[in-house]
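Next up, upload-v4.cif (mmCIF, C-alpha atoms):
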data_start
#
loop_
_atom_site.label_atom_id
_atom_site.label_comp_id
_atom_site.auth_asym_id
_atom_site.auth_seq_id
_atom_site.Cartn_x
_atom_site.Cartn_y
_atom_site.Cartn_z
CA MET A 10 -24.45 -10.47 -21.45
CA THR A 11 -21.62 -10.36 -23.94
CA ALA A 12 -23.12 -7.16 -25.38
CA LEU A 13 -23.03 -5.43 -21.99
CA LEU A 14 -19.27 -5.55 -21.49
CA PRO A 15 -16.42 -5.32 -24.01
CA GLN A 16 -13.68 -7.84 -24.31
CA PHE A 17 -10.83 -7.67 -21.78
CA ARG A 18 -7.13 -7.85 -22.52
CA ALA A 19 -4.32 -8.57 -20.08
CA ALA A 20 -2.90 -5.39 -18.52
CA GLY A 21 -0.40 -6.50 -15.90
CA ARG A 22 0.47 -8.54 -12.83
CA ARG A 23 1.50 -7.59 -9.32
CA ARG A 24 2.95 -9.74 -6.52
CA PRO A 25 3.55 -7.89 -3.23
CA VAL A 26 5.57 -10.16 -0.92
CA ALA A 27 6.59 -9.17 2.62
CA LEU A 28 7.34 -11.43 5.55
CA VAL A 29 6.91 -8.47 7.93
CA VAL A 30 4.53 -5.59 7.14
CA PRO A 31 6.93 -2.64 6.63
CA GLY A 32 6.96 -0.32 9.62
CA SER A 33 4.80 -2.57 11.80
CA THR A 34 5.61 -3.72 15.35
CA LEU A 35 4.68 -6.66 17.55
CA ALA A 36 2.43 -4.30 19.56
CA GLU A 37 0.13 -4.28 16.50
CA VAL A 38 -0.21 -8.09 16.44
CA LEU A 39 -3.84 -8.82 17.39
CA ALA A 40 -4.03 -12.38 16.03
CA PRO A 41 -1.41 -15.10 15.49
CA TYR A 42 0.08 -13.52 12.36
CA ALA A 43 3.52 -12.24 13.31
CA ALA A 44 7.00 -12.45 11.82
CA ALA A 45 10.59 -11.45 12.49
CA THR A 46 13.73 -11.32 10.37
CA ALA A 47 17.47 -10.96 10.99
CA PRO A 48 20.52 -10.77 8.72
CA THR A 49 23.18 -13.43 8.96
CA ALA A 50 25.81 -12.34 11.47
CA PRO A 51 28.92 -10.45 10.21
CA GLY A 52 31.79 -12.87 9.78
CA SER A 53 29.38 -15.79 10.10
CA SER A 54 26.82 -17.36 7.83
CA GLY A 55 24.46 -18.25 10.68
CA ALA A 56 21.60 -16.47 12.44
CA SER A 57 18.68 -17.14 14.80
CA VAL A 58 15.32 -15.41 15.23
CA VAL A 59 13.03 -15.66 18.27
CA LEU A 60 9.36 -14.96 18.93
CA ALA A 61 8.49 -15.43 22.60
CA SER A 62 5.57 -14.95 24.98
CA GLY A 63 6.12 -15.66 28.65
CA ALA A 64 7.90 -18.99 29.00
CA ASP A 65 7.01 -20.03 25.43
CA VAL A 66 9.95 -19.52 23.08
CA LEU A 67 9.73 -20.07 19.33
CA THR A 68 13.07 -20.04 17.50
CA GLY A 69 14.20 -20.28 13.91
CA ARG A 70 17.88 -21.15 13.45
CA TYR A 71 20.34 -21.36 10.57
CA ASP A 72 23.91 -22.56 11.17
CA GLY A 73 25.37 -21.94 7.73
CA THR A 74 24.26 -25.32 6.41
CA TRP A 75 20.85 -26.24 7.84
CA ALA A 76 17.79 -24.34 9.01
CA TRP A 77 15.47 -25.68 11.71
CA LEU A 78 12.93 -24.76 14.39
CA GLU A 79 13.08 -25.06 18.16
CA VAL A 80 9.92 -24.86 20.28
CA THR A 81 10.07 -24.44 24.06
CA THR A 82 6.79 -24.82 25.96
CA GLY A 83 6.02 -26.22 29.41
CA GLY A 84 9.71 -26.56 30.18
CA ARG A 85 10.28 -28.86 27.20
CA THR A 86 12.22 -28.01 24.04
CA THR A 87 11.74 -29.86 20.77
CA ARG A 88 13.74 -29.53 17.54
CA HIS A 89 12.12 -29.72 14.11
CA ARG A 90 14.11 -30.04 10.90
CA ALA A 91 12.61 -30.78 7.48
CA ARG A 92 14.61 -33.58 5.93
CA ARG A 93 14.22 -32.43 2.32
CA HIS A 94 14.02 -28.65 2.65
CA ALA A 95 16.31 -27.56 5.50
CA ARG A 96 19.46 -27.01 3.42
CA PRO A 97 19.43 -23.82 1.27
CA GLY A 98 22.30 -24.93 -0.94
CA GLY A 99 23.41 -21.37 -1.59
CA PRO A 100 24.27 -18.08 0.16
CA VAL A 101 21.86 -16.87 2.85
CA ARG A 102 21.58 -13.20 3.70
CA GLU A 103 18.55 -13.25 6.02
CA VAL A 104 16.65 -15.65 8.25
CA GLY A 105 12.95 -15.22 8.94
CA LEU A 106 10.44 -16.68 11.38
CA ALA A 107 6.68 -16.51 10.79
CA LEU A 108 3.75 -17.43 13.02
CA THR A 109 0.59 -17.82 10.93
CA GLY A 110 -2.36 -19.30 12.80
CA THR A 111 -0.99 -22.32 14.62
CA HIS A 112 1.88 -22.81 12.16
CA LEU A 113 5.49 -21.76 12.76
CA THR A 114 7.77 -21.50 9.72
CA VAL A 115 11.49 -20.75 9.35
CA PHE A 116 12.60 -19.03 6.12
CA THR A 117 15.89 -18.12 4.50
CA ARG A 118 16.56 -15.54 1.82
CA GLY A 119 19.65 -15.20 -0.30
CA PRO A 120 19.85 -13.45 -3.64
CA GLY A 121 16.48 -15.10 -4.35
CA PRO A 122 13.09 -14.86 -2.58
CA TRP A 123 12.06 -15.99 0.90
CA THR A 124 11.96 -19.81 0.96
CA ALA A 125 10.46 -21.95 3.71
CA ARG A 126 12.98 -24.37 5.24
CA GLY A 127 10.94 -25.88 8.06
CA ARG A 128 7.45 -25.77 9.52
CA VAL A 129 5.68 -27.14 12.59
CA ASP A 130 2.09 -27.05 13.80
CA LEU A 131 1.92 -25.69 17.35
CA ALA A 132 -1.64 -26.89 17.99
CA GLY A 133 -1.77 -28.71 21.31
CA ARG A 134 1.40 -27.02 22.57
CA VAL A 135 0.63 -23.29 22.48
CA ASP A 136 -2.71 -21.51 22.29
CA THR A 137 -1.51 -19.04 19.69
CA ARG A 138 -5.01 -17.57 19.30
CA SER A 139 -5.15 -16.48 22.95
CA GLU A 140 -5.32 -12.68 23.09
CA VAL A 141 -3.42 -12.71 26.40
CA TRP A 142 -0.62 -14.79 24.87
CA LEU A 143 -0.48 -12.50 21.82
CA ARG A 144 -0.17 -9.36 23.95
CA GLY A 145 2.99 -10.84 25.47
CA LEU A 146 4.84 -11.38 22.17
CA THR A 147 8.44 -10.18 22.06
CA SER A 148 11.38 -10.75 19.74
CA ASP A 149 15.15 -10.33 19.70
CA ALA A 150 15.17 -9.64 15.96
CA PRO A 151 15.99 -6.24 14.44
CA VAL A 152 12.76 -6.43 12.39
CA ALA A 153 9.58 -7.82 13.95
CA GLY A 154 5.90 -7.06 13.47
CA ARG A 155 2.74 -8.18 11.72
CA PHE A 156 3.06 -10.98 9.17
CA GLY A 157 2.58 -9.62 5.65
CA GLN A 158 1.82 -11.91 2.72
CA LEU A 159 3.35 -14.28 0.20
CA GLY A 160 0.66 -13.50 -2.37
CA LEU A 161 -2.89 -12.19 -2.75
CA ARG A 162 -6.14 -13.82 -3.80
CA ASP A 163 -9.93 -13.47 -3.30
CA LEU A 164 -9.90 -9.83 -4.36
CA ARG A 165 -13.12 -7.80 -4.13
CA VAL A 166 -13.98 -4.10 -4.34
CA VAL A 167 -14.73 -2.32 -1.06
CA ASP A 168 -18.14 -0.73 -1.67
CA GLY A 169 -19.55 2.63 -0.66
CA LEU A 170 -16.43 4.80 -0.43
CA ALA A 171 -17.32 8.47 -0.85
CA ASP A 172 -14.27 9.49 -2.88
CA ASP A 173 -12.95 8.12 -6.16
CA ARG A 174 -10.34 5.86 -4.62
CA VAL A 175 -10.42 2.11 -5.26
CA VAL A 176 -9.82 -0.14 -2.26
CA LEU A 177 -9.74 -3.91 -2.59
CA SER A 178 -10.15 -6.53 0.08
CA ALA A 179 -7.89 -9.55 -0.34
CA THR A 180 -6.74 -12.76 1.25
CA SER A 181 -3.09 -12.42 2.24
CA ALA A 182 -1.56 -15.82 1.57
CA GLY A 183 0.51 -17.48 4.28
CA PRO A 184 3.10 -20.27 4.06
CA GLY A 185 0.61 -23.11 3.74
CA PHE A 186 -3.05 -24.00 3.44
CA PHE A 187 -6.04 -21.75 4.21
CA ASP A 188 -5.46 -21.60 7.96
CA THR A 189 -2.19 -19.67 7.42
CA ALA A 190 -3.88 -16.79 5.55
CA HIS A 191 -5.71 -13.67 6.71
CA ALA A 192 -7.71 -10.70 5.35
CA SER A 193 -6.18 -7.39 4.23
CA LEU A 194 -7.08 -4.16 2.44
CA TRP A 195 -5.19 -2.64 -0.51
CA GLU A 196 -5.52 0.57 -2.51
CA LEU A 197 -5.39 0.19 -6.31
CA ASP A 198 -4.03 2.93 -8.56
CA ARG A 199 -6.04 2.54 -11.75
CA ALA A 200 -3.42 4.34 -13.87
CA THR A 201 -0.29 2.49 -12.77
CA LEU A 202 -2.02 -0.65 -11.44
CA GLY A 203 0.07 -0.24 -8.29
CA LEU A 204 -1.11 -1.77 -5.01
CA THR A 205 -0.59 -0.15 -1.60
CA HIS A 206 -1.12 -2.16 1.58
CA LEU A 207 -3.51 -0.34 3.93
CA SER A 208 -4.48 -2.68 6.78
CA ASP A 209 -4.99 -6.20 8.12
CA LEU A 210 -8.27 -7.52 9.54
CA PHE A 211 -8.80 -10.31 12.06
CA PHE A 212 -11.87 -11.70 13.79
CA ARG A 213 -13.32 -13.02 16.99
CA ARG A 214 -15.85 -15.83 16.56
CA PRO A 215 -19.30 -15.81 18.17
CA ASP A 216 -18.98 -19.42 19.34
CA ARG A 217 -15.41 -19.75 20.68
CA PRO A 218 -12.62 -17.65 22.19
CA GLY A 219 -9.51 -16.42 20.41
CA ALA A 220 -8.41 -14.34 17.42
CA TYR A 221 -8.72 -15.81 13.92
CA GLY A 222 -7.38 -15.07 10.46
CA ASP A 223 -10.71 -15.56 8.69
CA HIS A 224 -10.72 -14.33 5.09
CA ALA A 225 -12.47 -14.30 1.68
CA ILE A 226 -14.36 -11.19 2.78
CA HIS A 227 -16.61 -8.41 1.54
CA LEU A 228 -16.46 -4.93 3.10
CA GLN A 229 -18.73 -1.94 2.58
CA ARG A 230 -19.46 1.43 4.15
CA ASP A 231 -22.59 1.29 6.31
CA GLY A 232 -23.57 4.83 7.29
CA ASP A 233 -20.73 6.17 9.40
CA GLY A 234 -19.28 2.70 9.93
CA TRP A 235 -18.50 -0.55 8.18
CA LEU A 236 -20.31 -3.80 7.50
CA LEU A 237 -18.08 -6.78 6.82
CA ALA A 238 -18.88 -10.38 5.88
CA THR A 239 -16.20 -13.04 6.08
CA SER A 240 -15.67 -16.77 5.56
CA THR A 241 -14.43 -18.79 8.54
CA TRP A 242 -11.37 -20.29 6.85
CA GLY A 243 -9.02 -19.26 9.68
CA ASP A 244 -8.99 -22.66 11.43
CA PHE A 245 -9.86 -24.91 8.49
CA ASP A 246 -9.17 -28.57 9.28
CA ALA A 247 -9.28 -30.98 6.35
CA LYS A 248 -10.11 -33.83 8.76
CA ARG A 249 -13.17 -31.97 10.09
CA PRO A 250 -14.00 -29.43 7.36
CA ALA A 251 -16.49 -26.69 8.19
CA VAL A 252 -16.76 -23.16 6.81
CA GLY A 253 -19.48 -20.59 7.45
CA VAL A 254 -20.06 -16.85 7.15
CA THR A 255 -19.95 -14.21 9.90
CA LEU A 256 -20.77 -10.51 10.07
CA ALA A 257 -18.90 -7.66 11.75
CA ARG A 258 -19.98 -4.05 12.30
CA THR A 259 -17.56 -1.36 13.41
CA SER A 260 -16.92 2.39 13.33
CA ALA A 261 -13.11 1.92 13.47
CA ASP A 262 -10.88 3.27 10.69
CA LEU A 263 -10.39 0.00 8.84
CA LEU A 264 -8.33 1.64 6.08
CA SER A 265 -5.19 1.70 8.22
CA GLY A 266 -3.45 -0.41 10.84
CA SER A 267 -4.58 -3.72 12.29
CA HIS A 268 -8.04 -4.57 13.63
CA LEU A 269 -9.65 -7.39 15.60
CA LEU A 270 -13.42 -7.39 15.02
CA ASP A 271 -16.28 -9.06 16.88
CA THR A 272 -18.64 -11.09 14.68
CA THR A 273 -22.05 -12.71 14.68
CA ALA A 274 -23.15 -15.64 12.54
CA LEU A 275 -24.84 -14.91 9.20
CA HIS A 276 -27.23 -17.77 8.50
CA LEU A 277 -27.55 -18.24 4.74
CA PRO A 278 -30.48 -20.21 3.27
CA VAL A 279 -29.38 -23.45 1.65
CA ASP A 280 -32.75 -25.18 1.37
CA GLY A 281 -32.49 -28.24 -0.85
CA LEU A 282 -28.80 -27.71 -1.63
CA ALA A 283 -27.40 -30.53 0.57
CA SER A 284 -24.90 -27.92 1.72
CA VAL A 285 -21.97 -28.78 4.00
CA GLY A 286 -20.41 -25.31 3.99
CA VAL A 287 -20.79 -21.75 2.68
CA TRP A 288 -18.20 -19.05 1.85
CA ASP A 289 -17.31 -16.07 -0.43
CA PRO A 290 -20.08 -13.71 0.79
CA GLN A 291 -21.00 -10.45 -0.95
CA LEU A 292 -23.72 -8.16 0.45
CA VAL A 293 -25.63 -5.69 -1.74
CA ARG A 294 -28.49 -3.35 -0.83
CA ALA A 295 -31.12 -3.57 -3.57
CA ASP A 296 -34.79 -2.52 -3.86
CA GLY A 297 -35.06 -1.70 -0.16
CA GLY A 298 -33.64 -5.06 0.90
CA TRP A 299 -30.56 -7.23 0.45
CA LEU A 300 -28.99 -9.52 -2.10
CA VAL A 301 -26.32 -11.89 -0.78
CA GLY A 302 -24.11 -13.85 -3.13
CA PHE A 303 -22.21 -16.81 -1.73
CA VAL A 304 -20.84 -20.27 -2.48
CA SER A 305 -22.39 -23.49 -1.24
CA ALA A 306 -20.48 -26.77 -1.08
CA THR A 307 -22.11 -30.17 -1.40
CA ARG A 308 -18.84 -31.68 -0.19
CA TYR A 309 -15.24 -30.53 0.24
CA PHE A 310 -14.29 -29.57 -2.42
CA ARG A 311 -17.29 -29.49 -4.76
CA PHE A 312 -19.02 -26.12 -4.77
CA HIS A 313 -21.24 -23.78 -6.77
CA PRO A 314 -22.58 -20.19 -6.69
CA ALA A 315 -25.82 -19.31 -4.92
CA LEU A 316 -27.87 -16.15 -4.29
CA ALA A 317 -30.16 -15.18 -1.44
CA GLY A 318 -32.36 -12.14 -0.94
CA GLY A 319 -34.70 -10.60 1.57
CA PRO A 320 -35.81 -7.49 3.45
CA ALA A 321 -33.12 -7.97 6.11
CA LEU A 322 -29.96 -10.02 6.61
CA ASP A 323 -31.71 -12.15 9.21
CA SER A 324 -34.64 -12.79 6.85
CA LEU A 325 -33.14 -14.20 3.65
CA SER A 326 -34.56 -16.70 1.16
CA LEU A 327 -32.74 -18.67 -1.51
CA LEU A 328 -33.23 -17.10 -4.95
CA GLY A 329 -31.18 -19.52 -7.00
CA ALA A 330 -28.17 -21.82 -7.22
CA ALA A 331 -26.12 -23.15 -10.13
CA THR A 332 -25.94 -26.69 -8.76
CA ASP A 333 -24.72 -28.17 -12.04
CA LEU A 334 -21.31 -26.54 -11.52
CA GLY A 335 -18.72 -28.22 -9.33
CA GLN A 336 -15.65 -25.93 -9.11
CA THR A 337 -17.24 -22.49 -9.31
CA GLU A 338 -16.85 -19.76 -6.69
CA GLY A 339 -16.20 -16.02 -6.25
CA THR A 340 -19.92 -15.23 -6.55
CA THR A 341 -20.00 -11.51 -7.48
CA LEU A 342 -22.98 -9.19 -7.96
CA ALA A 343 -22.53 -6.47 -10.59
CA HIS A 344 -24.95 -3.73 -11.65
CA LEU A 345 -24.81 -3.68 -15.46
CA ASP A 346 -27.10 -1.92 -17.93
CA GLY A 347 -29.51 -1.01 -15.13
CA GLN A 348 -29.91 -4.49 -13.70
CA TRP A 349 -28.15 -6.81 -11.30
CA ARG A 350 -26.20 -9.71 -12.70
CA VAL A 351 -24.27 -12.48 -10.97
CA LEU A 352 -20.73 -13.28 -12.10
CA ALA A 353 -18.70 -16.30 -11.03
CA SER A 354 -15.51 -18.19 -11.83
CA ASP A 355 -15.67 -21.72 -13.23
CA GLY A 356 -12.36 -23.47 -12.62
CA ASP A 357 -13.35 -26.59 -14.56
CA ALA A 358 -14.22 -24.76 -17.79
CA ARG A 359 -11.75 -21.88 -17.18
CA ARG A 360 -14.35 -19.15 -17.82
CA TYR A 361 -16.48 -16.50 -16.11
CA PRO A 362 -20.17 -17.47 -16.42
CA VAL A 363 -22.83 -14.76 -16.02
CA PHE A 364 -26.27 -15.35 -14.47
CA ASP A 365 -29.54 -13.58 -13.78
CA LEU A 366 -30.88 -13.34 -10.22
CA ALA A 367 -32.43 -16.80 -10.46
CA LEU A 368 -28.93 -18.14 -11.24
CA ARG A 369 -29.88 -18.98 -14.83
CA GLU A 370 -26.83 -18.63 -17.03
CA THR A 371 -27.12 -15.81 -19.59
CA GLY A 372 -23.62 -15.57 -21.02
CA THR A 373 -19.89 -15.54 -20.42
CA LEU A 374 -17.56 -12.66 -19.57
CA ARG A 375 -14.97 -12.40 -22.37
CA ALA A 376 -11.70 -12.10 -20.50
CA PRO A 377 -8.37 -13.88 -19.98
CA TYR A 378 -8.73 -16.65 -17.40
CA PRO A 379 -5.63 -17.25 -15.26
CA SER A 380 -4.92 -20.43 -13.30
CA ASN A 381 -6.78 -21.40 -10.10
CA ILE A 382 -10.31 -19.89 -9.67
CA PRO A 383 -9.92 -16.09 -9.91
CA TRP A 384 -12.87 -14.01 -8.70
CA PRO A 385 -14.35 -11.77 -11.47
CA THR A 386 -13.95 -8.38 -9.77
CA LEU A 387 -14.97 -5.39 -11.91
CA VAL A 388 -13.64 -1.87 -11.21
CA PRO A 389 -15.01 1.17 -13.14
CA ASP A 390 -12.19 2.80 -15.12
CA GLY A 391 -13.26 5.96 -16.92
CA ASP A 392 -15.57 4.83 -19.71
CA GLY A 393 -14.39 1.25 -19.33
CA TRP A 394 -13.55 -1.38 -16.76
CA LEU A 395 -10.68 -3.08 -14.99
CA LEU A 396 -10.97 -6.77 -14.23
CA VAL A 397 -9.03 -7.73 -11.09
CA GLY A 398 -8.27 -11.39 -10.56
CA PHE A 399 -5.48 -13.67 -9.37
CA ASN A 400 -3.76 -16.90 -10.31
CA GLY A 401 -2.47 -20.02 -8.63
CA ARG A 402 1.27 -19.34 -8.84
CA ARG A 403 2.91 -20.43 -5.60
CA THR A 404 5.91 -19.01 -3.84
CA GLY A 405 8.01 -19.82 -0.79
CA GLY A 406 9.43 -23.11 -2.04
CA ASP A 407 8.14 -26.67 -2.21
CA LEU A 408 7.49 -26.99 1.54
CA THR A 409 4.68 -24.42 1.59
CA GLY A 410 2.62 -26.08 -1.14
CA TYR A 411 -0.92 -25.01 -2.07
CA GLY A 412 -2.15 -21.83 -0.42
CA THR A 413 0.75 -19.48 -1.16
CA HIS A 414 -0.94 -18.16 -4.33
CA GLY A 415 -1.15 -15.86 -6.12
CA ASP A 416 -0.23 -13.03 -8.46
CA VAL A 417 -2.80 -10.25 -8.82
CA VAL A 418 -3.78 -10.43 -12.51
CA LEU A 419 -5.34 -7.35 -14.13
CA ALA A 420 -7.09 -6.82 -17.46
CA ARG A 421 -8.54 -3.70 -19.15
CA SER A 422 -11.65 -3.49 -21.32
CA VAL A 423 -11.07 -2.71 -24.99
#
For this file, produce the structure as structure tokens.
Amino acid sequence: MTALLPQFRAAGRRRPVALVVPGSTLAEVLAPYAAATAPTAPGSSGASVVLASGADVLTGRYDGTWAWLEVTTGGRTTRHRARRHARPGGPVREVGLALTGTHLTVFTRGPGPWTARGRVDLAGRVDTRSEVWLRGLTSDAPVAGRFGQLGLRDLRVVDGLADDRVVLSATSAGPGFFDTAHASLWELDRATLGLTHLSDLFFRRPDRPGAYGDHAIHLQRDGDGWLLATSTWGDFDAKRPAVGVTLARTSADLLSGSHLLDTTALHLPVDGLASVGVWDPQLVRADGGWLVGFVSATRYFRFHPALAGGPALDSLSLLGAATDLGQTEGTTLAHLDGQWRVLASDGDARRYPVFDLALRETGTLRAPYPSNIPWPTLVPDGDGWLLVGFNGRRTGGDLTGYGTHGDVVLARSV
């Protein structure tokens, strides 16, 4: 495999951060991913920001010293202040409030970046995934709309576009673990390595009501429409972990705006793998049928790449699995030198192993390996390639913790 692709060298990093998607409104909020911001009041160092629906009022406050949250539901108001993080300790120019999944977070921003000052889980108090509740969202803030992102990860090429443009799907990181993130689409300029935000994608589940921020997706053109596979990370609960894969089909213009898509379950074969969960799907039409790359976990979090194939997506068989690997994901199919290969990302060994379709290792992709487990996404670039990955660098302060990663890390072939 090392003869098929040249060596890669680092080319740049990008980190688009936006609490509110520029130009968006609350009318575009189709799932519980909304935010609002306000400057500190003239002549005062304080400010408050509200998101409300009906009698439910969610408030972020800053009084010049401390930041905290107030939640009013069912006629009861509770106050939530983080003991260690609520005091900025410096000038504050803006206050922000973000709803991501069931989590409500208050932010401040001074000369530095947005920093989380308090967070509360609204589960059990407000059904934030209710589409009726979401349609009632209002705010008193001068800027309010769809929640943007603190970082990007899980990048993959959108397949089947007719023109020469490069569009990437990504996971837009929220202020916390996986259930605060959602899926988004971005256009990549191969010359400047600039990223332009195009849209946000959300999902209905086939087995329960509500709107979810599922992510780690793969999107492709399917005739005049789209076929999309996603991982059900949107309500991940570490106490009862479960992740699967769903499919969505739509003729909507997914390259702009915000979309809530209906899904069906995609049942992936895991015979003999002792699998407790599957994620990171990629769908490829090959030889009149399908190849489906994915990740299978034997426990949370021990996981490895796997590959299925068959004449139809509801008739798949397991072709192979690299069960000797324990921190390897981002299963990616690439057509190289006239044949399909499987790439993956091994976080333990910090490398990109390459496999044949039986998941027998044949080599290693020679490229810089950032932190975390960056997916090995290849983009044609003239006579060469771009490698698009990400790292584990967090943002948003100590309160947000793991899940706010990462930088988009790019490398060019040489």
Problem - Hits of the PyMOL selection byres ((chain A and resi 204) around 10) in this structure, as a VMD selection string - result: chain A and resid 23 to 25 176 to 177 194 to 199 201 to 203 205 to 207 417
Exercise for the section: Take the PyMOL selection byres ((chain A and resi 132-139) around 10), apply it to the structure above, and return the hits as a ChimeraX atom specification. Expected result: /A:39-42,62,65,80-83,108-112,129-131,140-144,213,218-222
Exercise for the section: Find the residues around Ala45 of chain A up to 6 Å (all atoms listed in the file counted), leave out those fewer than 4 positions away in its own chain, and share them as a list in words. Expected result: Gly105, Leu106, Val152 and Ala153 of chain A
Handout entry: Selected residue of minimal separation from Asp323 of chain A among A:Ser208, A:Arg294, A:Gly347, A:Ala274, counting only C-alpha atoms
Key =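 Result for the nearest residue to Asp323 of chain A: A:Ala274.
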Could the residues of segment 270-318 of chain A that have an atom at most 10 Å from segment 354-376 of chain A be listed as a tab-separated table, each with its closest atom pair and the distance in Å to one decimal, counting all atoms listed in the file and ordered by chain and ascending residue number?
residue	atom	partner	partner_atom	distance
A:Leu300	CA	A:Leu366	CA	9.2
A:Gly302	CA	A:Leu366	CA	9.8
A:His313	CA	A:Asp355	CA	8.8
A:Pro314	CA	A:Leu368	CA	8.1
A:Ala315	CA	A:Leu368	CA	7.1
A:Leu316	CA	A:Leu366	CA	7.2
A:Ala317	CA	A:Leu366	CA	9.0
A:Gly318	CA	A:Leu366	CA	9.5
Exercise for the section: List the residues sitting within 9 Å of (-21.3, -28.0, -7.5) in the file's frame, using only C-alpha atoms, as a list in words. Expected result: Ser305, Ala306, Thr307, Arg308, Phe310, Arg311, Phe312, His313, Pro314, Ala331, Thr332, Asp333, Leu334, Gly335, Gln336 and Thr337 of chain A
With only C-alpha atoms as the counted atoms, please give the residues lying no more than 7 Å from segment 413-415 of chain A, apart from itself and same-chain residues fewer than 4 positions off, as a compact mmCIF listing (two decimals) with C-alpha atoms, in the frame of the given file.
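Ended up saving to result-v3.txt:
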# COMPACT_ATOMS: atom_id res chain seq x y z
CA LEU A 159 3.35 -14.28 0.20
CA GLY A 160 0.66 -13.50 -2.37
CA LEU A 161 -2.89 -12.19 -2.75
CA ARG A 162 -6.14 -13.82 -3.80
CA ALA A 182 -1.56 -15.82 1.57
CA GLY A 183 0.51 -17.48 4.28
CA PRO A 184 3.10 -20.27 4.06
CA GLY A 185 0.61 -23.11 3.74
CA PHE A 399 -5.48 -13.67 -9.37
CA ASN A 400 -3.76 -16.90 -10.31
CA GLY A 401 -2.47 -20.02 -8.63
CA ARG A 402 1.27 -19.34 -8.84
CA ARG A 403 2.91 -20.43 -5.60
CA THR A 404 5.91 -19.01 -3.84
CA THR A 409 4.68 -24.42 1.59
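The nearest approach to Thr272 of chain A among the residues A:Pro250, A:Pro31, A:Gly232, A:Pro215, with only C-alpha atoms taken into account, belongs to A:Pro215.
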Problem - Between atom CA of Gly154 of chain A and atom CA of Thr124 of chain A - distance in Å to one decimal - result: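 Rounded to one decimal, the two atoms are 18.9 Å apart.
In this model, the gap between atom CA of Val418 of chain A and atom CA of Phe303 of chain A comes to 22.3 Å.
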Practice task
Figure out the distance between atom CA of His191 of chain A and atom CA of Val101 of chain A, please, to one decimal in Å.
Solution key: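 These two atoms are separated by 28.0 Å.
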Exercise for the section: Pick out the residues sitting within 12 Å of Gly298 of chain A, and hand them over as number ranges by chain; count all atoms listed in the file, and ignore anything fewer than 6 positions along from it in its own chain. Expected result: A: 292, 317-326
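Proximity to Gly405 of chain A was assessed for A:Thr341, A:Ser53, A:Ser178, A:Thr114 counting all atoms listed in the file; the smallest distance is recorded for A:Thr114.
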Carefully work through the PyMOL selection byres ((chain A and resi 263-269) around 6) for this structure and note down the residues it includes, as an mmCIF file with C-alpha atoms, in the frame of the given file.
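After the write, expr-v4.cif holds the following:
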data_model
loop_
_atom_site.group_PDB
_atom_site.id
_atom_site.type_symbol
_atom_site.label_atom_id
_atom_site.label_comp_id
_atom_site.auth_asym_id
_atom_site.auth_seq_id
_atom_site.Cartn_x
_atom_site.Cartn_y
_atom_site.Cartn_z
ATOM 1 C CA LEU A 207 -3.510 -0.340 3.930
ATOM 2 C CA SER A 208 -4.480 -2.680 6.780
ATOM 3 C CA ASP A 209 -4.990 -6.200 8.120
ATOM 4 C CA LEU A 210 -8.270 -7.520 9.540
ATOM 5 C CA PHE A 211 -8.800 -10.310 12.060
ATOM 6 C CA PHE A 212 -11.870 -11.700 13.790
ATOM 7 C CA ALA A 261 -13.110 1.920 13.470
ATOM 8 C CA ASP A 262 -10.880 3.270 10.690
ATOM 9 C CA LEU A 270 -13.420 -7.390 15.020
#
Handout entry: Top pick for closest residue to Val287 of chain A, considering A:Ala225, A:Val388, A:Leu328, A:Leu345 and counting all atoms listed in the file
Key =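 Of A:Ala225, A:Val388, A:Leu328, A:Leu345, the one nearest Val287 of chain A is A:Ala225, counting all atoms listed in the file.
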Practice task
Measuring atom to atom with only C-alpha atoms, identify which of A:Pro15, A:Pro100, A:Gly127, A:Pro383 is nearest to Asp407 of chain A.
Solution key: A:Gly127
